[in-house]
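Asks: protein_39.csv is the file, holding CSV, C-alpha atoms and all ligand atoms:
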```csv
chain,number,residue,atom,x,y,z
A,1,MET,CA,2.5,17.1,-8.2
A,2,SER,CA,1.5,13.7,-9.6
A,3,LEU,CA,3.0,10.7,-11.4
A,4,GLN,CA,1.4,9.9,-14.7
A,5,VAL,CA,2.1,6.5,-16.2
A,6,ARG,CA,0.9,5.0,-19.5
A,7,TYR,CA,2.4,1.9,-21.1
A,8,ARG,CA,1.5,-0.5,-23.9
A,9,LEU,CA,3.6,-3.5,-24.9
A,10,GLN,CA,3.5,-7.1,-25.8
A,11,ARG,CA,5.8,-9.8,-24.4
A,12,GLY,CA,5.1,-13.3,-25.7
A,13,ALA,CA,1.4,-13.9,-25.2
A,14,PHE,CA,1.2,-11.2,-22.5
A,15,ARG,CA,-0.3,-7.8,-23.3
A,16,LEU,CA,0.3,-4.9,-20.9
A,17,ASP,CA,-1.9,-1.9,-21.5
A,18,ALA,CA,-1.9,0.1,-18.3
A,19,ALA,CA,-2.4,3.7,-17.4
A,20,PHE,CA,-2.7,5.4,-14.0
A,21,GLU,CA,-2.1,8.6,-12.1
A,22,ALA,CA,-0.7,8.5,-8.6
A,23,PRO,CA,0.1,11.2,-6.0
A,24,GLY,CA,3.6,12.8,-6.2
A,25,ARG,CA,4.3,11.7,-2.6
A,26,GLY,CA,3.5,8.9,-0.3
A,27,VAL,CA,3.3,5.2,-1.1
A,28,THR,CA,1.4,3.9,-4.1
A,29,ALA,CA,0.9,0.1,-4.1
A,30,LEU,CA,0.7,-1.8,-7.4
A,31,PHE,CA,-1.3,-4.7,-6.3
A,32,GLY,CA,-2.3,-7.7,-8.4
A,33,ARG,CA,-1.9,-11.5,-8.8
A,34,SER,CA,1.3,-13.1,-9.8
A,35,GLY,CA,1.8,-12.6,-13.6
A,36,SER,CA,-0.5,-9.6,-13.8
A,37,GLY,CA,2.2,-7.4,-15.2
A,38,LYS,CA,3.4,-5.4,-12.1
A,39,THR,CA,7.1,-6.0,-12.6
A,40,LEU,CA,6.9,-5.3,-16.3
A,41,LEU,CA,5.2,-2.0,-15.5
A,42,LEU,CA,7.9,-1.1,-13.0
A,43,ARG,CA,10.6,-2.0,-15.5
A,44,CYS,CA,8.9,0.3,-18.1
A,45,ILE,CA,9.0,3.1,-15.5
A,46,ALA,CA,12.7,2.5,-14.8
A,47,GLY,CA,13.3,2.7,-18.6
A,48,LEU,CA,14.4,-1.0,-18.8
A,49,GLU,CA,11.7,-2.1,-21.3
A,50,GLN,CA,11.1,-0.7,-24.7
A,51,ALA,CA,7.3,-0.2,-25.0
A,52,GLU,CA,5.2,0.2,-28.1
A,53,ALA,CA,3.8,3.3,-26.5
A,54,GLY,CA,4.9,5.0,-23.3
A,55,PHE,CA,4.2,8.1,-21.3
A,56,LEU,CA,5.8,8.9,-18.0
A,57,ARG,CA,5.8,12.2,-16.2
A,58,LEU,CA,6.7,13.1,-12.6
A,59,GLY,CA,5.3,16.5,-11.7
A,60,GLU,CA,6.4,18.9,-14.3
A,61,THR,CA,9.2,16.7,-15.6
A,62,PRO,CA,8.5,14.4,-18.6
A,63,TRP,CA,10.6,11.3,-18.7
A,64,GLU,CA,9.1,9.5,-21.6
A,65,ASP,CA,6.6,10.3,-24.3
A,66,SER,CA,6.4,8.1,-27.4
A,67,GLY,CA,4.3,10.8,-29.0
A,68,THR,CA,7.3,13.2,-29.2
A,69,GLY,CA,10.0,10.5,-29.2
A,70,LEU,CA,11.3,11.5,-25.7
A,71,ARG,CA,12.7,8.5,-23.8
A,72,LEU,CA,15.2,9.2,-21.0
A,73,PRO,CA,17.7,6.4,-20.6
A,74,PRO,CA,17.5,4.5,-17.3
A,75,ASN,CA,20.5,6.3,-15.8
A,76,HIS,CA,18.9,9.7,-16.4
A,77,ARG,CA,15.6,8.9,-14.7
A,78,ARG,CA,16.7,9.2,-11.1
A,79,VAL,CA,14.8,6.2,-9.9
A,80,GLY,CA,15.9,4.0,-7.0
A,81,TYR,CA,15.1,0.3,-7.5
A,82,VAL,CA,14.8,-2.2,-4.7
A,83,PHE,CA,14.2,-5.8,-5.7
A,84,GLN,CA,13.0,-8.9,-3.9
A,85,GLU,CA,16.6,-9.9,-3.1
A,86,ALA,CA,19.0,-7.2,-2.1
A,87,ALA,CA,21.7,-7.0,-4.7
A,88,LEU,CA,24.5,-5.7,-2.6
A,89,PHE,CA,28.2,-5.9,-3.5
A,90,PRO,CA,29.6,-8.8,-1.5
A,91,HIS,CA,33.1,-7.5,-1.4
A,92,LEU,CA,32.2,-4.2,0.1
A,93,SER,CA,31.1,-3.5,3.7
A,94,VAL,CA,27.7,-2.0,4.4
A,95,ARG,CA,29.4,1.4,4.5
A,96,GLY,CA,31.1,0.7,1.2
A,97,ASN,CA,27.8,-0.3,-0.4
A,98,LEU,CA,26.2,2.9,0.8
A,99,HIS,CA,29.0,5.1,-0.5
A,100,TYR,CA,28.8,3.4,-3.9
A,101,GLY,CA,25.3,4.9,-4.2
A,102,LEU,CA,26.4,8.2,-2.9
A,103,ARG,CA,29.5,8.6,-5.1
A,104,ARG,CA,27.5,8.1,-8.3
A,105,THR,CA,25.2,11.0,-7.3
A,106,PRO,CA,26.2,14.6,-8.0
A,107,ALA,CA,26.1,16.7,-4.9
A,108,GLU,CA,23.2,18.8,-6.2
A,109,GLU,CA,21.0,15.7,-6.7
A,110,ARG,CA,21.5,14.4,-3.2
A,111,ARG,CA,18.3,14.8,-1.3
A,112,ILE,CA,18.9,12.5,1.6
A,113,ASP,CA,22.2,12.4,3.5
A,114,GLU,CA,23.9,9.3,4.7
A,115,ALA,CA,23.3,9.9,8.5
A,116,GLN,CA,19.6,10.4,7.7
A,117,ALA,CA,19.3,7.2,5.7
A,118,VAL,CA,21.3,5.2,8.3
A,119,GLU,CA,19.0,6.5,11.0
A,120,TRP,CA,15.7,5.9,9.1
A,121,LEU,CA,16.7,2.3,8.3
A,122,GLY,CA,18.3,1.5,11.7
A,123,ILE,CA,21.6,0.2,10.2
A,124,GLY,CA,24.2,2.3,12.1
A,125,HIS,CA,25.4,-0.9,14.0
A,126,LEU,CA,25.9,-2.7,10.7
A,127,LEU,CA,28.1,-0.3,8.8
A,128,GLY,CA,31.3,-2.3,9.2
A,129,ARG,CA,29.8,-5.7,8.3
A,130,ARG,CA,29.9,-7.5,4.9
A,131,PRO,CA,26.5,-8.4,3.3
A,132,ALA,CA,27.1,-12.2,3.7
A,133,THR,CA,27.0,-11.7,7.5
A,134,LEU,CA,23.6,-9.9,7.5
A,135,SER,CA,20.1,-11.4,7.8
A,136,GLY,CA,17.8,-11.1,4.8
A,137,GLY,CA,15.9,-8.2,6.5
A,138,GLU,CA,19.1,-6.3,7.3
A,139,ARG,CA,20.3,-6.7,3.7
A,140,GLN,CA,17.1,-5.3,2.5
A,141,ARG,CA,17.3,-2.3,4.8
A,142,VAL,CA,20.8,-1.6,3.5
A,143,ALA,CA,19.6,-1.9,-0.1
A,144,ILE,CA,16.8,0.6,0.6
A,145,ALA,CA,19.3,3.0,2.2
A,146,ARG,CA,21.6,2.6,-0.7
A,147,ALA,CA,18.8,3.4,-3.2
A,148,LEU,CA,17.9,6.5,-1.2
A,149,LEU,CA,21.5,7.8,-1.2
A,150,ALA,CA,21.5,7.7,-5.0
A,151,GLY,CA,19.2,10.8,-4.9
A,152,PRO,CA,16.1,9.2,-6.5
A,153,ARG,CA,13.1,11.3,-7.4
A,154,LEU,CA,11.0,8.1,-7.4
A,155,LEU,CA,11.6,4.9,-5.5
A,156,LEU,CA,10.5,1.7,-7.0
A,157,MET,CA,10.2,-1.3,-4.7
A,158,ASP,CA,9.4,-4.7,-6.3
A,159,GLU,CA,8.1,-7.0,-3.5
A,160,PRO,CA,10.9,-6.0,-1.2
A,161,LEU,CA,9.6,-8.4,1.6
A,162,ALA,CA,8.7,-11.4,-0.6
A,163,ALA,CA,12.0,-13.3,0.1
A,164,LEU,CA,11.8,-12.8,3.9
A,165,ASP,CA,10.2,-15.1,6.4
A,166,ARG,CA,7.3,-13.9,8.6
A,167,GLU,CA,9.5,-12.8,11.5
A,168,ALA,CA,11.9,-10.8,9.2
A,169,LYS,CA,8.9,-9.2,7.5
A,170,ALA,CA,7.4,-8.2,10.8
A,171,ALA,CA,10.8,-6.7,11.8
A,172,ILE,CA,11.3,-4.6,8.7
A,173,LEU,CA,7.7,-3.3,8.4
A,174,PRO,CA,8.1,-0.6,11.0
A,175,TYR,CA,11.1,0.8,9.1
A,176,LEU,CA,9.0,1.0,5.9
A,177,GLU,CA,6.2,2.6,7.8
A,178,ARG,CA,8.6,5.2,9.2
A,179,LEU,CA,9.9,5.8,5.7
A,180,HIS,CA,6.4,6.3,4.5
A,181,GLU,CA,6.0,9.2,6.9
A,182,VAL,CA,9.3,11.0,6.3
A,183,LEU,CA,10.4,10.2,2.7
A,184,PRO,CA,10.4,13.3,0.4
A,185,VAL,CA,10.0,11.2,-2.7
A,186,PRO,CA,7.1,9.1,-4.0
A,187,VAL,CA,7.3,5.3,-3.7
A,188,LEU,CA,5.8,2.7,-6.1
A,189,TYR,CA,5.5,-0.5,-4.1
A,190,VAL,CA,4.7,-3.7,-5.9
A,191,SER,CA,3.1,-6.4,-3.8
A,192,HIS,CA,0.6,-9.2,-3.9
A,193,SER,CA,0.1,-9.1,-0.1
A,194,LEU,CA,-3.0,-7.2,0.9
A,195,ASP,CA,-1.7,-7.0,4.5
A,196,GLU,CA,1.4,-5.0,3.3
A,197,VAL,CA,-0.7,-2.8,1.1
A,198,VAL,CA,-3.1,-2.0,3.9
A,199,ARG,CA,-0.2,-1.2,6.3
A,200,LEU,CA,2.0,0.8,4.0
A,201,ALA,CA,0.1,2.4,1.1
A,202,ASP,CA,-1.9,5.5,0.7
A,203,HIS,CA,-2.9,5.0,-2.9
A,204,LEU,CA,-3.6,1.7,-4.6
A,205,VAL,CA,-3.4,0.7,-8.3
A,206,LEU,CA,-5.1,-2.6,-8.8
A,207,ILE,CA,-3.7,-4.6,-11.8
A,208,GLY,CA,-5.2,-7.6,-13.4
A,209,ALA,CA,-4.1,-9.3,-16.6
A,210,GLY,CA,-2.0,-6.3,-17.7
A,211,ARG,CA,-4.7,-3.7,-17.2
A,212,VAL,CA,-5.4,-1.2,-14.4
A,213,GLN,CA,-8.7,-2.2,-12.9
A,214,GLY,CA,-8.9,0.7,-10.5
A,215,SER,CA,-6.7,3.4,-9.0
A,216,GLY,CA,-7.4,5.6,-6.0
A,217,PRO,CA,-7.0,6.0,-2.2
A,218,VAL,CA,-6.6,2.7,-0.4
A,219,ALA,CA,-9.7,3.2,1.7
A,220,GLU,CA,-11.8,3.9,-1.4
A,221,LEU,CA,-10.6,1.0,-3.5
A,222,LEU,CA,-11.0,-1.6,-0.8
A,223,THR,CA,-14.7,-0.8,-0.5
A,224,ARG,CA,-15.6,-0.4,-4.2
A,225,LEU,CA,-18.1,-3.2,-4.9
A,226,ASP,CA,-17.2,-3.4,-8.5
A,227,LEU,CA,-13.6,-4.5,-7.6
A,228,PRO,CA,-12.6,-8.0,-6.3
A,229,LEU,CA,-11.1,-6.5,-3.1
A,230,ALA,CA,-14.5,-6.0,-1.6
A,231,HIS,CA,-15.4,-9.7,-2.0
A,232,GLY,CA,-14.1,-12.8,-0.4
A,233,GLU,CA,-13.0,-13.6,3.2
A,234,GLY,CA,-10.5,-10.8,3.6
A,235,ALA,CA,-12.9,-8.0,2.4
A,236,ALA,CA,-12.3,-5.1,4.8
A,237,ALA,CA,-12.5,-1.3,5.2
A,238,VAL,CA,-9.6,0.8,6.4
A,239,VAL,CA,-10.3,3.8,8.6
A,240,GLU,CA,-7.9,6.5,9.6
A,241,ALA,CA,-8.4,7.3,13.2
A,242,ARG,CA,-6.7,9.3,16.0
A,243,VAL,CA,-6.1,8.3,19.6
A,244,ALA,CA,-8.5,10.4,21.7
A,245,ALA,CA,-8.0,8.8,25.2
A,246,HIS,CA,-6.9,5.8,27.1
A,247,ASP,CA,-9.0,3.9,29.6
A,248,PRO,CA,-6.6,2.1,32.0
A,249,GLU,CA,-9.5,0.6,34.0
A,250,PHE,CA,-10.7,-1.5,31.1
A,251,HIS,CA,-7.4,-1.6,29.1
A,252,LEU,CA,-9.0,0.1,26.2
A,253,SER,CA,-8.1,3.0,24.0
A,254,TYR,CA,-10.6,5.3,22.3
A,255,LEU,CA,-9.9,6.4,18.7
A,256,ASP,CA,-11.9,9.1,16.9
A,257,PHE,CA,-12.8,9.1,13.3
A,258,PRO,CA,-15.3,11.4,11.5
A,259,GLY,CA,-18.2,8.9,12.1
A,260,GLY,CA,-17.7,8.5,15.9
A,261,ARG,CA,-15.4,6.9,18.4
A,262,PHE,CA,-13.9,3.4,18.4
A,263,SER,CA,-13.2,1.5,21.5
A,264,VAL,CA,-10.2,-0.9,20.9
A,265,ARG,CA,-7.9,-2.9,23.0
A,266,ALA,CA,-5.3,-0.5,24.6
A,267,VAL,CA,-2.7,0.8,22.2
A,268,GLU,CA,0.7,2.1,23.2
A,269,ALA,CA,0.5,5.4,21.5
A,270,PRO,CA,0.1,8.9,22.8
A,271,VAL,CA,-3.2,10.8,22.6
A,272,GLY,CA,-3.3,12.5,19.2
A,273,ALA,CA,-1.4,9.8,17.3
A,274,ARG,CA,-2.8,8.5,14.1
A,275,HIS,CA,-3.8,4.9,13.7
A,276,ARG,CA,-5.1,2.9,10.8
A,277,LEU,CA,-7.9,0.5,11.7
A,278,ARG,CA,-9.0,-2.5,9.6
A,279,ILE,CA,-12.6,-3.6,9.9
A,280,LEU,CA,-13.4,-6.9,8.3
A,281,ALA,CA,-16.8,-7.0,6.5
A,282,LYS,CA,-17.7,-10.2,8.3
A,283,ASP,CA,-17.3,-8.4,11.7
A,284,VAL,CA,-19.8,-5.7,10.8
A,285,SER,CA,-23.5,-6.5,11.6
A,286,LEU,CA,-26.5,-4.2,11.0
A,287,ALA,CA,-29.4,-3.1,13.1
A,288,LEU,CA,-32.3,-0.8,12.4
A,289,GLU,CA,-32.3,0.6,15.9
A,290,ALA,CA,-29.3,1.3,18.2
A,291,PRO,CA,-29.0,-1.7,20.5
A,292,ARG,CA,-29.6,-0.8,24.2
A,293,ALA,CA,-28.0,-3.8,25.8
A,294,SER,CA,-25.2,-5.3,23.8
A,295,SER,CA,-21.7,-6.5,24.4
A,296,ILE,CA,-20.7,-4.7,21.2
A,297,LEU,CA,-19.0,-1.4,22.0
A,298,ASN,CA,-18.6,0.0,18.5
A,299,VAL,CA,-22.0,1.1,17.1
A,300,PHE,CA,-22.3,3.9,14.6
A,301,PRO,CA,-25.1,5.4,12.7
A,302,ALA,CA,-24.6,4.6,9.0
A,303,ARG,CA,-26.4,4.8,5.7
A,304,VAL,CA,-26.6,2.0,3.1
A,305,GLY,CA,-24.8,2.9,-0.1
A,306,ALA,CA,-25.1,-0.2,-2.2
A,307,ILE,CA,-25.8,-3.9,-1.8
A,308,VAL,CA,-24.5,-6.7,-4.0
A,309,GLU,CA,-25.0,-10.4,-4.0
A,310,GLU,CA,-22.1,-12.6,-2.7
A,311,GLY,CA,-23.3,-16.0,-3.8
A,312,PRO,CA,-26.9,-17.1,-3.2
A,313,ALA,CA,-26.8,-16.8,0.6
A,314,GLN,CA,-24.8,-13.6,1.3
A,315,ARG,CA,-24.8,-10.0,0.6
A,316,ILE,CA,-22.1,-7.4,0.8
A,317,VAL,CA,-23.3,-4.0,1.9
A,318,GLN,CA,-21.4,-0.8,1.4
A,319,LEU,CA,-22.1,1.7,4.2
A,320,GLU,CA,-21.3,5.3,4.7
A,321,ALA,CA,-20.6,6.4,8.3
A,322,GLY,CA,-19.6,10.0,8.9
A,323,GLY,CA,-17.9,10.2,5.5
A,324,ILE,CA,-16.1,6.9,6.0
A,325,ARG,CA,-16.9,3.8,3.9
A,326,LEU,CA,-17.4,0.5,5.7
A,327,LEU,CA,-18.4,-3.0,4.3
A,328,SER,CA,-20.7,-5.5,6.0
A,329,ARG,CA,-21.2,-9.1,5.0
A,330,ILE,CA,-24.6,-10.4,6.1
A,331,THR,CA,-26.8,-13.3,5.0
A,332,ALA,CA,-29.3,-12.7,2.2
A,333,LYS,CA,-32.0,-13.6,4.8
A,334,SER,CA,-31.0,-10.8,7.1
A,335,ALA,CA,-30.9,-8.3,4.2
A,336,SER,CA,-34.4,-9.3,3.4
A,337,LEU,CA,-35.7,-9.1,7.0
A,338,LEU,CA,-34.1,-5.7,7.5
A,339,GLY,CA,-35.6,-4.5,4.2
A,340,LEU,CA,-32.1,-3.2,3.2
A,341,ARG,CA,-32.1,-0.7,0.3
A,342,PRO,CA,-29.7,2.0,-0.7
A,343,GLY,CA,-30.3,5.2,1.4
A,344,LEU,CA,-31.6,3.3,4.4
A,345,GLU,CA,-30.4,4.8,7.7
A,346,LEU,CA,-29.3,2.2,10.3
A,347,PHE,CA,-26.6,1.2,12.8
A,348,ALA,CA,-23.4,-0.6,12.0
A,349,GLN,CA,-22.2,-2.8,14.9
A,350,ILE,CA,-18.6,-3.7,14.8
A,351,LYS,CA,-17.5,-6.7,16.7
A,352,SER,CA,-13.8,-6.5,16.4
A,353,VAL,CA,-11.5,-3.8,15.2
A,354,ALA,CA,-7.9,-4.6,14.1
A,355,ILE,CA,-5.3,-1.9,14.7
A,356,ILE,CA,-2.9,-1.8,11.8
A,357,ASP,CA,-0.2,0.7,12.8
B,1,LIG,N1,10.3,-11.2,-22.0
B,1,LIG,C1,9.1,-11.8,-21.9
B,1,LIG,N2,8.7,-12.7,-22.8
B,1,LIG,C2,7.5,-13.4,-22.6
B,1,LIG,N3,6.7,-13.2,-21.6
B,1,LIG,C3,7.0,-12.3,-20.7
B,1,LIG,C4,8.3,-11.6,-20.7
B,1,LIG,N4,8.4,-10.8,-19.7
B,1,LIG,C5,7.3,-11.0,-18.9
B,1,LIG,N5,6.5,-11.9,-19.5
B,1,LIG,C6,5.1,-12.4,-19.0
B,1,LIG,O1,4.4,-11.2,-18.7
B,1,LIG,C7,3.5,-11.5,-17.6
B,1,LIG,C8,3.7,-10.5,-16.5
B,1,LIG,O2,4.9,-10.6,-15.9
B,1,LIG,P1,5.3,-9.8,-14.6
B,1,LIG,O3,6.7,-10.2,-14.2
B,1,LIG,O4,5.2,-8.3,-14.9
B,1,LIG,O5,4.2,-10.2,-13.5
B,1,LIG,P2,4.1,-9.8,-12.0
B,1,LIG,O6,2.7,-9.2,-11.9
B,1,LIG,O7,5.2,-8.9,-11.6
B,1,LIG,O8,4.2,-11.2,-11.3
B,1,LIG,P3,4.8,-11.6,-9.9
B,1,LIG,O9,3.9,-11.1,-8.8
B,1,LIG,O10,4.8,-13.1,-10.0
B,1,LIG,O11,6.2,-11.1,-9.9
B,1,LIG,C9,3.9,-12.9,-17.1
B,1,LIG,O12,2.9,-13.8,-17.6
B,1,LIG,C10,5.2,-13.2,-17.8
B,1,LIG,O13,5.4,-14.5,-18.0
```
In structure tokens, how does this file's structure come out?
Replies:
Amino acid sequence: MSLQVRYRLQRGAFRLDAAFEAPGRGVTALFGRSGSGKTLLLRCIAGLEQAEAGFLRLGETPWEDSGTGLRLPPNHRRVGYVFQEAALFPHLSVRGNLHYGLRRTPAEERRIDEAQAVEWLGIGHLLGRRPATLSGGERQRVAIARALLAGPRLLLMDEPLAALDREAKAAILPYLERLHEVLPVPVLYVSHSLDEVVRLADHLVLIGAGRVQGSGPVAELLTRLDLPLAHGEGAAAVVEARVAAHDPEFHLSYLDFPGGRFSVRAVEAPVGARHRLRILAKDVSLALEAPRASSILNVFPARVGAIVEEGPAQRIVQLEAGGIRLLSRITAKSASLLGLRPGLELFAQIKSVAIID
């Protein structure tokens, strides 16, 4: 099952001409600068914008096709919509707000029951409270639960954390991560924070000036040298790894990925648990031979995929290590001294590995 989206429209001087296909489950991030058209695209999907041309299909179900004149009205699309600011009814308690969503959903359309949503979002202790007495993060969790109870087949989230401060963001992220694991419906998550995308999303749609610049699994898009994500200070690869063992003597954990075993600072997760790792391009150095005496614990055999210039003094190198893509940022001089070229076998040394979840 997949979600197919294609929209074309003009608003003032802005042209949206965007098409992408995303998996029918998990979190797909729509990522792009402010003003790139993410909200407009989400509104098209919700049926709130009349486009010149539009096509929307979730699995086998078409929702819109300007070729045939099909255009389901918003209330027939079964989308849940969560905005930057939670729009809760101030005169109703949290329970009342949740029931509002539930009442409007025919029994056969309900896919998530109240107890389940309350548990996933951790709002059981808030049920009797009014929205005005909740923190921004709590309000947002209630808004998400309410959206889930309305039986959506697709959940749209438009920068749900943008209005929260750092602490509130950090507090709500684990709930979103949990949802990501358990939610039976796909989520389109608009964000311009790469940190959020890397933590939450499986699939990434990169939007720039109203167009889709790239769409694919997060790990793949982050390391595509033709896209802006692989350039600049924050350029990084994401690796899915699994906890293999803990080493209490040195306070380390060992995490396996298809290209080898990472040593990272101890994580509080059982053996077998999945962890995403983020490896910044600037933390990856290259050597033609495996170092024999080095303080760097993470050294993996790798093959050079491609090399591009990053200004006059630096190069970004795309590497392949056991089926995983990494990026390395090195000086142009080092690239020349090592004789880097596509296909060269070498060793990637990783100075520091960030654990993402
Ligand atoms: N009704 C309208 N009339 C004129 N211009 C519009 C209209 N609606 C949106 N735009 C313009 O379209 C562009 C895309 O807007 P949109 O809200 O989709 O961006 P965004 O990527 O969601 O931005 P942000 O991250 O800041 O929310 C903006 O330049 C906006 O000013």
Asks: Can you list, as a PyMOL selection string, every protein, DNA or RNA residue that comes within 10 Å of Leu194 of chain A when you count only C-alpha atoms, leaving out same-chain residues fewer than 6 positions away?
Replies: chain A and resi 29+31-32+200+222+229+234
Asks: Taking the point (26.1, 4.7, 1.2) as given in the file, collect each protein or nucleic acid residue that comes within 9 Å of it, counting all atoms listed in the file, and present the set as a PyMOL selection string.
Replies: chain A and resi 94-103+113-114+117-118+142+145-150
Asks: Counting all atoms listed in the file, what is within 12 Å of Pro228 of chain A, bar same-chain residues fewer than 5 positions away, as a list of chain:residue names?
Replies: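 Contacts, with the query itself left out: A:Phe31, A:Gly32, A:Arg33, A:Leu206, A:Ile207, A:Gly208, A:Gln213, A:Gly214, A:Leu221, A:Leu222, A:Thr223, A:Glu233, A:Gly234, A:Ala235, A:Ala236, A:Glu310, A:Ile316.
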Asks: Can you tell me, as a list in words, what residues are no more than 8 Å from segment 75-80 of chain A when counting all atoms listed in the file, ignoring any on the same chain fewer than 6 positions away?
Replies: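 Close residues of segment 75-80 of chain A: Ala46, Gly47, Trp63, Ala147, Leu148, Ala150, Gly151, Pro152, Arg153, Leu154, Leu155 and Leu156 of chain A.
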Asks: Nearest to Val271 of chain A: which of A:Leu286, A:Leu255, A:Ala306, A:Ala162 is it, counting all atoms listed in the file?
Replies: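 Distance minimum relative to Val271 of chain A lands on A:Leu255.
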Asks: Taking all atoms listed in the file into account, report as number ranges by chain which residues have an atom no farther than 9 Å from an atom of ligand LIG 1 (chain B).
Replies: A: 10-16, 30-43, 158-159, 190-192, 207-210
Asks: Residues around (0.6, 12.6, -9.0), cut-off 9 Å, counting only C-alpha atoms - what are they as a VMD selection string?
Replies: chain A and resid 1 to 4 21 to 25 57 to 59 186
Asks: Could the residues in this selection be written to a file with C-alpha atoms, as a CSV table (one decimal), keeping the file's coordinate frame?
Replies:
```
chain,number,residue,atom,x,y,z
A,1,MET,CA,2.5,17.1,-8.2
A,2,SER,CA,1.5,13.7,-9.6
A,3,LEU,CA,3.0,10.7,-11.4
A,4,GLN,CA,1.4,9.9,-14.7
A,21,GLU,CA,-2.1,8.6,-12.1
A,22,ALA,CA,-0.7,8.5,-8.6
A,23,PRO,CA,0.1,11.2,-6.0
A,24,GLY,CA,3.6,12.8,-6.2
A,25,ARG,CA,4.3,11.7,-2.6
A,57,ARG,CA,5.8,12.2,-16.2
A,58,LEU,CA,6.7,13.1,-12.6
A,59,GLY,CA,5.3,16.5,-11.7
A,186,PRO,CA,7.1,9.1,-4.0
```
Asks: Quick check, in Å to one decimal: how far apart do atom CA of Ala281 of chain A and atom CA of Ala171 of chain A lie?
Replies: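 Between atom CA of Ala281 of chain A and atom CA of Ala171 of chain A the gap is 28.1 Å.
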Asks: Give the answer as one residue: which of A:Pro73, A:Gly323, A:Gly67, A:Gly124 has the shortest atom-to-atom distance to Pro258 of chain A, using all atoms listed in the file?
Replies: A:Gly323
Asks: Show me, as a ChimeraX atom specification, the residues that have an atom within 12 Å of Pro291 of chain A when counting only C-alpha atoms, minus same-chain residues fewer than 2 positions from it.
Replies: /A:285-289,293-301,346-349
Asks: Have a look at A:Arg341, A:Arg211, A:Arg8, A:Arg325 and name the one nearest to Val304 of chain A; count all atoms listed in the file.
Replies: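 The shortest atom-to-atom distance to Val304 of chain A comes from A:Arg341.
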Asks: Missing atoms in segment 245-258 of chain A need filling: write out N, CA and C atoms for it as a compact mmCIF listing (two decimals), in the frame of the given file.
Replies:
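Below you can see rebuild-v1.txt, which holds the result:
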```txt
# COMPACT_ATOMS: atom_id res chain seq x y z
N ALA A 245 -8.22 9.02 23.73
CA ALA A 245 -8.00 8.80 25.20
C ALA A 245 -7.70 7.38 25.46
N HIS A 246 -7.14 7.14 26.64
CA HIS A 246 -6.90 5.80 27.10
C HIS A 246 -7.73 5.50 28.32
N ASP A 247 -8.13 4.26 28.49
CA ASP A 247 -9.00 3.90 29.60
C ASP A 247 -8.26 2.74 30.36
N PRO A 248 -7.40 3.10 31.34
CA PRO A 248 -6.60 2.10 32.00
C PRO A 248 -7.45 1.06 32.74
N GLU A 249 -8.63 1.48 33.23
CA GLU A 249 -9.50 0.60 34.00
C GLU A 249 -9.84 -0.67 33.17
N PHE A 250 -10.23 -0.42 31.93
CA PHE A 250 -10.70 -1.50 31.10
C PHE A 250 -9.66 -1.93 30.02
N HIS A 251 -8.45 -1.35 30.09
CA HIS A 251 -7.40 -1.60 29.10
C HIS A 251 -7.91 -1.38 27.67
N LEU A 252 -8.52 -0.24 27.51
CA LEU A 252 -9.00 0.10 26.20
C LEU A 252 -8.43 1.47 25.78
N SER A 253 -8.43 1.70 24.48
CA SER A 253 -8.10 3.00 24.00
C SER A 253 -9.30 3.49 23.13
N TYR A 254 -9.51 4.79 23.09
CA TYR A 254 -10.60 5.30 22.30
C TYR A 254 -10.00 6.09 21.12
N LEU A 255 -10.48 5.75 19.94
CA LEU A 255 -9.90 6.40 18.70
C LEU A 255 -11.07 7.05 17.95
N ASP A 256 -10.85 8.31 17.61
CA ASP A 256 -11.90 9.10 16.90
C ASP A 256 -11.71 8.99 15.41
N PHE A 257 -12.83 8.90 14.71
CA PHE A 257 -12.80 9.10 13.30
C PHE A 257 -14.08 9.93 12.96
N PRO A 258 -14.21 10.44 11.74
CA PRO A 258 -15.30 11.40 11.50
C PRO A 258 -16.69 10.84 11.83
```
